[in-house]
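Here is the file upload-v2.pdb (PDB, C-alpha atoms).
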ATOM      1  CA  MET A   1       0.000   0.000   0.000
ATOM      2  CA  ILE A   2       2.894   2.358   0.702
ATOM      3  CA  ALA A   3       4.321   1.461  -2.714
ATOM      4  CA  LEU A   4       0.938   2.382  -4.205
ATOM      5  CA  LEU A   5       1.072   5.810  -2.547
ATOM      6  CA  CYS A   6       4.627   6.355  -3.817
ATOM      7  CA  GLY A   7       3.612   5.319  -7.327
ATOM      8  CA  LEU A   8       0.534   7.548  -7.358
ATOM      9  CA  SER A   9       2.636  10.505  -6.200
ATOM     10  CA  LEU A  10       4.550  10.285  -9.492
ATOM     11  CA  VAL A  11       1.462  10.718 -11.667
ATOM     12  CA  LEU A  12      -1.149  12.548  -9.584
ATOM     13  CA  PRO A  13      -1.074  16.225  -8.517
ATOM     14  CA  LEU A  14       0.964  16.982  -5.412
ATOM     15  CA  PRO A  15      -1.853  18.751  -3.487
ATOM     16  CA  PHE A  16      -4.142  15.776  -4.143
ATOM     17  CA  MET A  17      -1.622  13.289  -2.771
ATOM     18  CA  ASN A  18      -0.906  15.383   0.331
ATOM     19  CA  GLU A  19      -4.644  15.523   0.983
ATOM     20  CA  VAL A  20      -4.948  11.738   0.524
ATOM     21  CA  VAL A  21      -2.059  10.952   2.890
ATOM     22  CA  ILE A  22      -3.295  13.210   5.688
ATOM     23  CA  PHE A  23      -6.905  12.138   5.220
ATOM     24  CA  THR A  24      -5.813   8.497   5.403
ATOM     25  CA  ILE A  25      -4.255   9.073   8.832
ATOM     26  CA  TYR A  26      -7.425  10.927   9.853
ATOM     27  CA  VAL A  27      -9.623   7.970   8.924
ATOM     28  CA  VAL A  28      -7.408   5.267  10.489
ATOM     29  CA  GLY A  29      -8.476   6.204  14.017
ATOM     30  CA  CYS A  30     -12.177   6.233  13.074
ATOM     31  CA  ASN A  31     -11.771   2.881  11.306
ATOM     32  CA  PHE A  32     -10.187   1.367  14.415
ATOM     33  CA  MET A  33     -13.006   2.557  16.678
ATOM     34  CA  ILE A  34     -15.745   1.268  14.371
ATOM     35  CA  GLY A  35     -14.064  -1.956  13.291
ATOM     36  CA  ARG A  36     -12.401  -2.980  16.541
ATOM     37  CA  LEU A  37     -14.272  -1.280  19.384
ATOM     38  CA  GLY A  38     -17.733  -1.019  17.865
ATOM     39  CA  TYR A  39     -17.896   2.750  18.423
ATOM     40  CA  ILE A  40     -19.362   5.086  15.801
ATOM     41  CA  SER A  41     -18.075   8.574  16.564
ATOM     42  CA  PHE A  42     -19.388  11.783  15.027
ATOM     43  CA  GLY A  43     -16.865  13.744  17.056
ATOM     44  CA  GLN A  44     -13.719  13.157  15.013
ATOM     45  CA  PRO A  45     -13.602  16.806  13.810
ATOM     46  CA  ALA A  46     -13.174  17.800  17.474
ATOM     47  CA  TYR A  47     -10.062  15.644  17.914
ATOM     48  CA  LEU A  48      -8.775  16.802  14.535
ATOM     49  CA  ALA A  49      -9.196  20.417  15.670
ATOM     50  CA  ILE A  50      -7.508  19.742  19.015
ATOM     51  CA  GLY A  51      -4.423  18.420  17.236
ATOM     52  CA  ALA A  52      -4.459  21.234  14.666
ATOM     53  CA  TYR A  53      -4.848  24.034  17.198
ATOM     54  CA  SER A  54      -2.250  22.550  19.570
ATOM     55  CA  THR A  55       0.210  22.693  16.671
ATOM     56  CA  ALA A  56      -0.982  26.146  15.611
ATOM     57  CA  PHE A  57      -0.633  27.640  19.096
ATOM     58  CA  TYR A  58       2.972  26.522  19.248
ATOM     59  CA  LEU A  59       3.861  27.745  15.754
ATOM     60  CA  PHE A  60       1.936  31.030  16.050
ATOM     61  CA  TYR A  61       2.846  32.069  19.579
ATOM     62  CA  PHE A  62       5.951  30.204  20.717
ATOM     63  CA  GLY A  63       8.139  28.460  18.129
ATOM     64  CA  SER A  64       8.839  27.834  14.477
ATOM     65  CA  ASN A  65       9.891  24.176  14.113
ATOM     66  CA  PRO A  66       7.163  22.190  12.278
ATOM     67  CA  LEU A  67       8.318  18.873  13.754
ATOM     68  CA  VAL A  68       7.998  20.220  17.287
ATOM     69  CA  GLY A  69       4.617  21.621  16.290
ATOM     70  CA  ILE A  70       3.434  18.170  15.221
ATOM     71  CA  LEU A  71       4.622  16.743  18.539
ATOM     72  CA  PHE A  72       2.578  19.399  20.345
ATOM     73  CA  GLY A  73      -0.440  18.409  18.259
ATOM     74  CA  VAL A  74      -0.062  14.730  19.172
ATOM     75  CA  LEU A  75       0.443  15.652  22.830
ATOM     76  CA  GLY A  76      -2.673  17.830  22.762
ATOM     77  CA  GLY A  77      -4.702  14.971  21.308
ATOM     78  CA  LEU A  78      -3.297  12.555  23.878
ATOM     79  CA  ILE A  79      -4.117  14.826  26.828
ATOM     80  CA  GLY A  80      -7.583  15.603  25.471
ATOM     81  CA  SER A  81      -8.362  11.915  24.978
ATOM     82  CA  LEU A  82      -7.127  11.046  28.466
ATOM     83  CA  LEU A  83      -9.361  13.707  30.003
ATOM     84  CA  ILE A  84     -12.483  12.949  27.960
ATOM     85  CA  GLY A  85     -12.137   9.183  27.577
ATOM     86  CA  PRO A  86     -13.137   8.028  31.103
ATOM     87  CA  PHE A  87     -16.536   9.669  30.661
ATOM     88  CA  PHE A  88     -17.228   8.845  27.020
ATOM     89  CA  VAL A  89     -16.218   5.182  26.856
ATOM     90  CA  ARG A  90     -18.820   4.290  29.493
ATOM     91  CA  LEU A  91     -21.437   5.010  26.850
ATOM     92  CA  ARG A  92     -22.400   2.733  23.990
ATOM     93  CA  SER A  93     -24.234   2.883  20.698
ATOM     94  CA  ASP A  94     -26.200   6.058  19.930
ATOM     95  CA  TYR A  95     -25.234   7.731  23.191
ATOM     96  CA  PHE A  96     -21.534   7.565  22.350
ATOM     97  CA  ALA A  97     -22.145   8.857  18.828
ATOM     98  CA  MET A  98     -24.237  11.807  19.997
ATOM     99  CA  VAL A  99     -22.038  12.869  22.907
ATOM    100  CA  ASN A 100     -19.076  12.993  20.529
ATOM    101  CA  LEU A 101     -21.107  15.090  18.099
ATOM    102  CA  ALA A 102     -21.914  17.420  20.988
ATOM    103  CA  LEU A 103     -18.186  17.640  21.725
ATOM    104  CA  ALA A 104     -17.534  18.608  18.107
ATOM    105  CA  VAL A 105     -20.092  21.422  18.415
ATOM    106  CA  VAL A 106     -18.523  22.614  21.685
ATOM    107  CA  VAL A 107     -14.988  22.645  20.270
ATOM    108  CA  PHE A 108     -16.182  24.434  17.134
ATOM    109  CA  TYR A 109     -17.822  27.263  19.053
ATOM    110  CA  LEU A 110     -14.928  27.495  21.493
ATOM    111  CA  THR A 111     -12.533  28.122  18.626
ATOM    112  CA  GLU A 112     -14.934  30.365  16.704
ATOM    113  CA  LYS A 113     -16.492  32.495  19.474
ATOM    114  CA  VAL A 114     -15.432  31.887  23.058
ATOM    115  CA  LEU A 115     -11.634  31.806  22.642
ATOM    116  CA  VAL A 116     -11.526  34.314  19.807
ATOM    117  CA  SER A 117      -8.785  36.334  21.522
ATOM    118  CA  ILE A 118      -6.489  33.309  21.203
ATOM    119  CA  THR A 119      -7.775  31.549  18.098
ATOM    120  CA  GLN A 120      -8.509  34.726  16.064
ATOM    121  CA  GLY A 121     -11.988  33.304  15.366
ATOM    122  CA  ASP A 122     -12.972  32.934  11.712
ATOM    123  CA  ASN A 123      -9.824  34.801  10.643
ATOM    124  CA  GLY A 124      -7.777  31.835  11.851
ATOM    125  CA  LEU A 125      -4.118  31.569  12.754
ATOM    126  CA  TRP A 126      -1.628  32.087   9.906
ATOM    127  CA  PHE A 127       1.930  30.898  10.482
ATOM    128  CA  MET A 128       3.209  29.644   7.120
ATOM    129  CA  THR A 129       5.947  32.295   6.935
ATOM    130  CA  GLN A 130       6.941  31.693  10.560
ATOM    131  CA  MET A 131       7.888  28.048  10.072
ATOM    132  CA  THR A 132      11.558  27.259   9.585
ATOM    133  CA  SER A 133      13.015  24.527   7.396
ATOM    134  CA  THR A 134      13.722  21.149   8.969
ATOM    135  CA  PRO A 135      16.717  18.881   8.297
ATOM    136  CA  VAL A 136      16.593  15.902   5.911
ATOM    137  CA  LEU A 137      12.980  16.582   4.882
ATOM    138  CA  ASP A 138      11.896  20.225   4.789
ATOM    139  CA  LEU A 139       8.244  20.235   5.807
ATOM    140  CA  THR A 140       7.734  23.724   4.394
ATOM    141  CA  ILE A 141       8.212  22.295   0.868
ATOM    142  CA  PRO A 142       5.073  20.394  -0.315
ATOM    143  CA  ALA A 143       7.008  17.666  -2.181
ATOM    144  CA  GLN A 144       9.162  16.895   0.847
ATOM    145  CA  PHE A 145       6.135  17.130   3.138
ATOM    146  CA  LEU A 146       4.541  14.375   1.021
ATOM    147  CA  ALA A 147       7.572  12.146   1.552
ATOM    148  CA  PHE A 148       7.337  12.818   5.284
ATOM    149  CA  GLY A 149       3.602  12.082   5.209
ATOM    150  CA  ILE A 150       4.113   8.741   3.477
ATOM    151  CA  ILE A 151       6.731   7.773   6.074
ATOM    152  CA  VAL A 152       4.353   8.710   8.896
ATOM    153  CA  THR A 153       1.570   6.739   7.212
ATOM    154  CA  ALA A 154       3.857   3.705   6.980
ATOM    155  CA  PHE A 155       4.565   3.886  10.722
ATOM    156  CA  VAL A 156       0.845   4.312  11.485
ATOM    157  CA  PHE A 157      -0.002   1.246   9.358
ATOM    158  CA  ALA A 158       2.796  -0.751  11.007
ATOM    159  CA  PHE A 159       1.553   0.220  14.472
ATOM    160  CA  TYR A 160      -2.050  -0.773  13.772
ATOM    161  CA  LYS A 161      -0.896  -3.969  12.061
ATOM    162  CA  TYR A 162       1.030  -4.768  15.221
ATOM    163  CA  LEU A 163      -2.053  -4.068  17.342
ATOM    164  CA  ASP A 164      -4.117  -6.464  15.214
ATOM    165  CA  GLY A 165      -1.759  -9.317  16.081
ATOM    166  CA  THR A 166      -1.585  -8.715  19.827
ATOM    167  CA  ILE A 167      -3.748  -9.999  22.645
ATOM    168  CA  TYR A 168      -4.938  -6.444  23.136
ATOM    169  CA  GLY A 169      -6.123  -6.276  19.516
ATOM    170  CA  SER A 170      -8.090  -9.483  20.032
ATOM    171  CA  CYS A 171      -9.571  -8.075  23.236
ATOM    172  CA  CYS A 172     -10.664  -4.962  21.349
ATOM    173  CA  LEU A 173     -12.586  -7.126  18.898
ATOM    174  CA  ALA A 174     -13.957  -9.215  21.752
ATOM    175  CA  THR A 175     -15.312  -6.189  23.609
ATOM    176  CA  LYS A 176     -17.189  -5.287  20.435
ATOM    177  CA  LEU A 177     -18.599  -8.775  19.830
ATOM    178  CA  ASN A 178     -19.182 -10.196  23.321
ATOM    179  CA  GLU A 179     -18.240  -8.001  26.255
ATOM    180  CA  ASP A 180     -19.835 -10.366  28.806
ATOM    181  CA  LYS A 181     -17.537 -13.262  27.883
ATOM    182  CA  LEU A 182     -14.514 -10.965  27.883
ATOM    183  CA  GLN A 183     -15.344  -9.792  31.384
ATOM    184  CA  PHE A 184     -15.979 -13.375  32.480
ATOM    185  CA  ILE A 185     -12.410 -14.439  31.610
ATOM    186  CA  GLY A 186     -11.006 -11.542  33.621
ATOM    187  CA  TYR A 187     -10.496  -8.588  31.265
ATOM    188  CA  SER A 188     -11.795  -5.075  31.880
ATOM    189  CA  ASN A 189     -14.016  -3.801  29.076
ATOM    190  CA  PHE A 190     -13.586  -0.247  30.326
ATOM    191  CA  SER A 191      -9.772  -0.390  30.269
ATOM    192  CA  ILE A 192      -9.680  -1.923  26.790
ATOM    193  CA  ARG A 193     -12.095   0.640  25.371
ATOM    194  CA  PHE A 194     -10.409   3.527  27.122
ATOM    195  CA  LEU A 195      -6.976   2.649  25.742
ATOM    196  CA  GLY A 196      -8.444   2.119  22.263
ATOM    197  CA  PHE A 197     -10.237   5.481  22.493
ATOM    198  CA  VAL A 198      -6.974   7.219  23.392
ATOM    199  CA  ILE A 199      -5.004   5.501  20.609
ATOM    200  CA  ALA A 200      -7.615   6.229  17.928
ATOM    201  CA  ASN A 201      -8.159   9.876  18.812
ATOM    202  CA  THR A 202      -4.460  10.586  19.256
ATOM    203  CA  THR A 203      -4.053   9.303  15.690
ATOM    204  CA  THR A 204      -6.782  11.723  14.613
ATOM    205  CA  ALA A 205      -4.955  14.548  16.399
ATOM    206  CA  LEU A 206      -1.792  13.591  14.495
ATOM    207  CA  ALA A 207      -3.709  14.135  11.248
ATOM    208  CA  GLY A 208      -4.877  17.520  12.538
ATOM    209  CA  ALA A 209      -1.297  18.506  13.363
ATOM    210  CA  MET A 210      -0.160  17.515   9.878
ATOM    211  CA  TYR A 211      -2.997  19.511   8.313
ATOM    212  CA  ALA A 212      -1.873  22.561  10.299
ATOM    213  CA  VAL A 213       1.745  22.267   9.157
ATOM    214  CA  TYR A 214       0.830  21.522   5.541
ATOM    215  CA  LEU A 215      -1.610  24.424   5.229
ATOM    216  CA  GLY A 216       0.300  26.827   7.484
ATOM    217  CA  PHE A 217      -3.095  27.917   8.731
ATOM    218  CA  VAL A 218      -5.951  26.721  10.951
ATOM    219  CA  SER A 219      -9.498  27.998  11.375
ATOM    220  CA  PRO A 220     -12.641  26.773  13.178
ATOM    221  CA  GLU A 221     -13.940  25.384   9.883
ATOM    222  CA  MET A 222     -11.368  22.585  10.165
ATOM    223  CA  GLY A 223     -13.345  21.132  13.078
ATOM    224  CA  SER A 224     -16.804  21.983  11.771
ATOM    225  CA  PRO A 225     -19.519  19.545  12.930
ATOM    226  CA  SER A 226     -20.910  19.658   9.377
ATOM    227  CA  ARG A 227     -17.955  17.448   8.348
ATOM    228  CA  ALA A 228     -18.545  14.934  11.152
ATOM    229  CA  ALA A 229     -19.698  12.209   8.766
ATOM    230  CA  ASP A 230     -16.661  12.439   6.444
ATOM    231  CA  PRO A 231     -14.366   9.941   8.235
ATOM    232  CA  ILE A 232     -17.276   7.517   8.701
ATOM    233  CA  ILE A 233     -18.172   7.716   5.005
ATOM    234  CA  VAL A 234     -14.561   7.060   3.998
ATOM    235  CA  THR A 235     -14.361   4.165   6.461
ATOM    236  CA  LEU A 236     -17.461   2.598   4.909
ATOM    237  CA  LEU A 237     -16.148   3.199   1.386
ATOM    238  CA  GLY A 238     -12.808   1.583   2.122
ATOM    239  CA  GLY A 239     -14.017  -1.239   4.341
ATOM    240  CA  VAL A 240     -14.725  -1.242   8.070
ATOM    241  CA  GLY A 241     -12.057  -2.932  10.175
ATOM    242  CA  THR A 242      -9.634  -3.513   7.293
ATOM    243  CA  LEU A 243      -6.074  -2.289   7.642
ATOM    244  CA  PHE A 244      -5.795  -0.635   4.238
ATOM    245  CA  GLY A 245      -9.429   0.399   3.883
ATOM    246  CA  PRO A 246      -8.707   3.978   5.018
ATOM    247  CA  VAL A 247      -6.193   4.699   2.239
ATOM    248  CA  VAL A 248      -8.424   3.140  -0.460
ATOM    249  CA  GLY A 249     -11.413   5.061   0.856
ATOM    250  CA  ALA A 250      -9.411   8.291   1.088
ATOM    251  CA  ILE A 251      -8.219   7.969  -2.523
ATOM    252  CA  ALA A 252     -11.750   7.214  -3.751
ATOM    253  CA  TYR A 253     -13.441   9.946  -1.703
ATOM    254  CA  THR A 254     -10.889  12.676  -2.394
ATOM    255  CA  GLY A 255     -10.732  11.767  -6.078
ATOM    256  CA  MET A 256     -14.476  11.815  -6.515
ATOM    257  CA  LYS A 257     -14.751  15.064  -4.592
ATOM    258  CA  ASP A 258     -12.138  16.765  -6.777
ATOM    259  CA  VAL A 259     -13.563  15.469 -10.057
ATOM    260  CA  ILE A 260     -17.287  15.734  -9.366
ATOM    261  CA  SER A 261     -17.120  19.147  -7.664
ATOM    262  CA  LYS A 262     -15.799  20.569 -10.946
ATOM    263  CA  LEU A 263     -18.870  19.280 -12.776
ATOM    264  CA  ILE A 264     -21.714  19.840 -10.307
ATOM    265  CA  GLY A 265     -22.071  22.037  -7.267
ATOM    266  CA  ASN A 266     -23.835  19.543  -4.986
ATOM    267  CA  TRP A 267     -21.189  16.824  -5.269
ATOM    268  CA  GLU A 268     -22.130  15.388  -1.866
ATOM    269  CA  LEU A 269     -25.404  14.132  -3.394
ATOM    270  CA  PHE A 270     -23.478  11.942  -5.849
ATOM    271  CA  ILE A 271     -21.248  10.625  -3.039
ATOM    272  CA  GLY A 272     -24.374   9.753  -1.059
ATOM    273  CA  PHE A 273     -25.862   7.748  -3.919
ATOM    274  CA  LEU A 274     -22.530   6.008  -4.492
ATOM    275  CA  LEU A 275     -22.242   5.085  -0.818
ATOM    276  CA  VAL A 276     -25.729   3.569  -0.846
ATOM    277  CA  PHE A 277     -24.830   1.605  -3.984
ATOM    278  CA  ILE A 278     -21.595   0.279  -2.478
ATOM    279  CA  MET A 279     -23.344  -0.730   0.749
ATOM    280  CA  LEU A 280     -25.963  -2.663  -1.256
ATOM    281  CA  VAL A 281     -23.576  -4.311  -3.716
ATOM    282  CA  ALA A 282     -20.410  -4.647  -1.621
ATOM    283  CA  ASP A 283     -21.275  -4.211   2.034
ATOM    284  CA  LYS A 284     -17.630  -4.760   3.045
ATOM    285  CA  GLY A 285     -16.472  -1.643   1.206
ATOM    286  CA  ILE A 286     -14.062  -1.355  -1.696
ATOM    287  CA  TRP A 287     -10.979  -2.885  -0.070
ATOM    288  CA  GLY A 288     -13.001  -5.333   2.021
ATOM    289  CA  THR A 289     -14.481  -6.723  -1.206
ATOM    290  CA  LEU A 290     -11.288  -6.685  -3.276
ATOM    291  CA  GLU A 291      -8.919  -8.089  -0.616
ATOM    292  CA  PRO A 292     -10.080 -11.749  -0.749
ATOM    293  CA  ILE A 293     -10.155 -11.606  -4.566
ATOM    294  CA  LEU A 294      -6.603 -10.227  -4.701
ATOM    295  CA  THR A 295      -5.490 -12.832  -2.176
ATOM    296  CA  ARG A 296      -6.784 -15.658  -4.371
ATOM    297  CA  VAL A 297      -5.122 -14.159  -7.460
ATOM    298  CA  VAL A 298      -1.762 -13.355  -5.867
ATOM    299  CA  SER A 299      -1.273 -16.487  -3.742
ATOM    300  CA  PRO A 300      -3.336 -19.383  -5.088
ATOM    301  CA  ARG A 301      -0.628 -21.862  -4.081
ATOM    302  CA  SER A 302      -0.868 -20.963  -0.391
ATOM    303  CA  ARG A 303      -4.665 -21.239  -0.643
ATOM    304  CA  ASN A 304      -4.391 -24.757  -2.058
ATOM    305  CA  THR A 305      -1.910 -25.669   0.660
ATOM    306  CA  ASP A 306      -4.328 -24.497   3.313
ATOM    307  CA  LYS A 307      -6.980 -26.766   1.887
TER     308      LYS A 307
END

The structure in this file should be written as structure tokens.
Amino acid sequence: MIALLCGLSLVLPLPFMNEVVIFTIYVVGCNFMIGRLGYISFGQPAYLAIGAYSTAFYLFYFGSNPLVGILFGVLGGLIGSLLIGPFFVRLRSDYFAMVNLALAVVVFYLTEKVLVSITQGDNGLWFMTQMTSTPVLDLTIPAQFLAFGIIVTAFVFAFYKYLDGTIYGSCCLATKLNEDKLQFIGYSNFSIRFLGFVIANTTTALAGAMYAVYLGFVSPEMGSPSRAADPIIVTLLGGVGTLFGPVVGAIAYTGMKDVISKLIGNWELFIGFLLVFIMLVADKGIWGTLEPILTRVVSPRSRNTDK
């Protein structure tokens, strides 16, 4: 999948690929919560904004190193998740989804109205010219930022692949499928969900920090509740619970948005119809449907051996 991103970067526009890479990281956390923990969250824009503004505050008020700014964004997401998690993960189903949506609304109005003296409200925080170049890969240069983004994406994929193979990853799936049995054998559903909540939303904050550095600007619109369904839509497009579903969904969603928006104004309507079609024809999403087919094509010998 990383090779695919590198190959696409040679033929597709640079801004498009930067958007795909960052959006992929954004969706990974949402995909983990839906696929592994059974949580549908409409509050991901809030965690994205927390990471973005944590980075922006550092770069606008205190420093100029983009790498340090990204670390501040991750730290902000981590602290926010640790503070909010103990209350939110006690909820399930619709209650969890709605309380996260309420959080997105709160964060949006905090950045737009309440903390306007710090966030500059709708004018946003501009710091592109304040950022200094970084060694090896200069994050102020879009082409080198893309290389950095692909490296970060590789580490994120490797981390979540590692989680899938651990006992903790199995416990995450178990707390989604049968929490009573998991508790019976001695595991704490609350602890498993809480840690998963922190991991997923810190990943989302990382995407927000990368957005801030790439754009050199943040505004309340970045965490708008009106975009709360975006990561869920991309997760469904790519395939819920699949490792590489987020990148496939991000490429499909961003590509369709760029192409269709040039033809019709209400491009979201087309995306909605397409999502309904995919859910009816291929309920496992694009990658979830293609993965077993590709497995049979690429490694038929191992399949015969298994039989």

Result set of the PyMOL selection byres ((chain A and resi 154) around 12) on the coordinates above, as a list in words: Met1, Ile2, Ala3, Leu4, Leu5, Cys6, Val21, Ile22, Thr24, Ile25, Val28, Ala147, Phe148, Gly149, Ile150, Ile151, Val152, Thr153, Phe155, Val156, Phe157, Ala158, Phe159, Tyr160, Lys161, Leu243, Phe244 and Val247 of chain A

Chain and number of each residue from the PyMOL selection byres ((chain A and resi 237) around 7), as a PyMOL selection string: chain A and resi 233-236+238-239+249+275+285-286

Closest of A:Leu146, A:Gly196, A:Leu290, A:Tyr39 to A:Gly169 - atom-to-atom distances counting all atoms listed in the file: A:Gly196

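One distance worth recording is that between atom CA of A:Ala209 and atom CA of A:Gly80, which is 13.9 Å.
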
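You can rank A:Val74, A:Val298, A:Leu48, A:Ile192 by their closest distance to A:Tyr26 using all atoms listed in the file, and at the top of that list sits A:Leu48.
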
Point (-7.7, 16.2, -2.9) neighbourhood (8 Å, only C-alpha atoms) written as number ranges by chain: A: 15-20, 254-255, 257-258

Shell of 7 Å around A:Tyr47, all atoms listed in the file, local chain residues under 2 positions omitted, as a PyMOL selection string: chain A and resi 44-45+49-51+77+201+204-205

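When atom CA of A:Gly121 is paired with atom CA of A:Ile199, their separation reads 29.1 Å.
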
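Each of A:Arg92, A:Ser54, A:Asn100, A:Val240 was compared to A:Ala207 using all atoms listed in the file, and A:Ser54 turns out to be the nearest.
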
Write out as lines of an AutoDock Vina configuration file an axis-aligned box for stretch 32-42 of chain A: all of its atoms listed in the file, 3 Å added on each side, centre and edge lengths in Å with one decimal.
center_x = -14.8
center_y = 4.4
center_z = 16.3
size_x = 15.2
size_y = 20.8
size_z = 12.1

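With all atoms listed in the file as the atoms that count, the minimum distance from A:Leu67 to the choices A:Phe270, A:Phe23, A:Tyr253, A:Tyr214 is reached by A:Tyr214.
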
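You can rank A:Val281, A:Val213, A:Leu163, A:Cys172 by their closest distance to A:Asp138 using only C-alpha atoms, and at the top of that list sits A:Val213.
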
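Going from atom CA of A:Leu10 over to atom CA of A:Pro142, you cover 13.7 Å.
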
For the file shown, what are the residues hit by the PyMOL selection byres ((chain A and resi 187) around 12), laid out as an mmCIF file with C-alpha atoms, keeping the file's coordinate frame?
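Below is the file that was written, part-v3.cif:
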data_model
loop_
_atom_site.group_PDB
_atom_site.id
_atom_site.type_symbol
_atom_site.label_atom_id
_atom_site.label_comp_id
_atom_site.auth_asym_id
_atom_site.auth_seq_id
_atom_site.Cartn_x
_atom_site.Cartn_y
_atom_site.Cartn_z
ATOM 1 C CA ILE A 167 -3.748 -9.999 22.645
ATOM 2 C CA TYR A 168 -4.938 -6.444 23.136
ATOM 3 C CA SER A 170 -8.090 -9.483 20.032
ATOM 4 C CA CYS A 171 -9.571 -8.075 23.236
ATOM 5 C CA CYS A 172 -10.664 -4.962 21.349
ATOM 6 C CA ALA A 174 -13.957 -9.215 21.752
ATOM 7 C CA THR A 175 -15.312 -6.189 23.609
ATOM 8 C CA ASN A 178 -19.182 -10.196 23.321
ATOM 9 C CA GLU A 179 -18.240 -8.001 26.255
ATOM 10 C CA ASP A 180 -19.835 -10.366 28.806
ATOM 11 C CA LYS A 181 -17.537 -13.262 27.883
ATOM 12 C CA LEU A 182 -14.514 -10.965 27.883
ATOM 13 C CA GLN A 183 -15.344 -9.792 31.384
ATOM 14 C CA PHE A 184 -15.979 -13.375 32.480
ATOM 15 C CA ILE A 185 -12.410 -14.439 31.610
ATOM 16 C CA GLY A 186 -11.006 -11.542 33.621
ATOM 17 C CA SER A 188 -11.795 -5.075 31.880
ATOM 18 C CA ASN A 189 -14.016 -3.801 29.076
ATOM 19 C CA PHE A 190 -13.586 -0.247 30.326
ATOM 20 C CA SER A 191 -9.772 -0.390 30.269
ATOM 21 C CA ILE A 192 -9.680 -1.923 26.790
ATOM 22 C CA ARG A 193 -12.095 0.640 25.371
#

For the interface of stretch 95-162 of chain A with stretch 86-89 of chain A (cut-off 9 Å, counting only C-alpha atoms), please tabulate each contacting residue of stretch 95-162 of chain A alongside its nearest pair of atoms and their separation in Å to one decimal, rows sorted by chain and increasing number, as JSON lines.
{"residue": "A:Tyr95", "atom": "CA", "partner": "A:Phe88", "partner_atom": "CA", "distance": 8.9}
{"residue": "A:Phe96", "atom": "CA", "partner": "A:Phe88", "partner_atom": "CA", "distance": 6.5}
{"residue": "A:Val99", "atom": "CA", "partner": "A:Phe88", "partner_atom": "CA", "distance": 7.5}
{"residue": "A:Asn100", "atom": "CA", "partner": "A:Phe88", "partner_atom": "CA", "distance": 7.9}

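Nearest-residue note for A:Met128: choosing from A:Val106, A:Ala143, A:Leu78, A:Leu59, the minimum distance belongs to A:Leu59, counting all atoms listed in the file.
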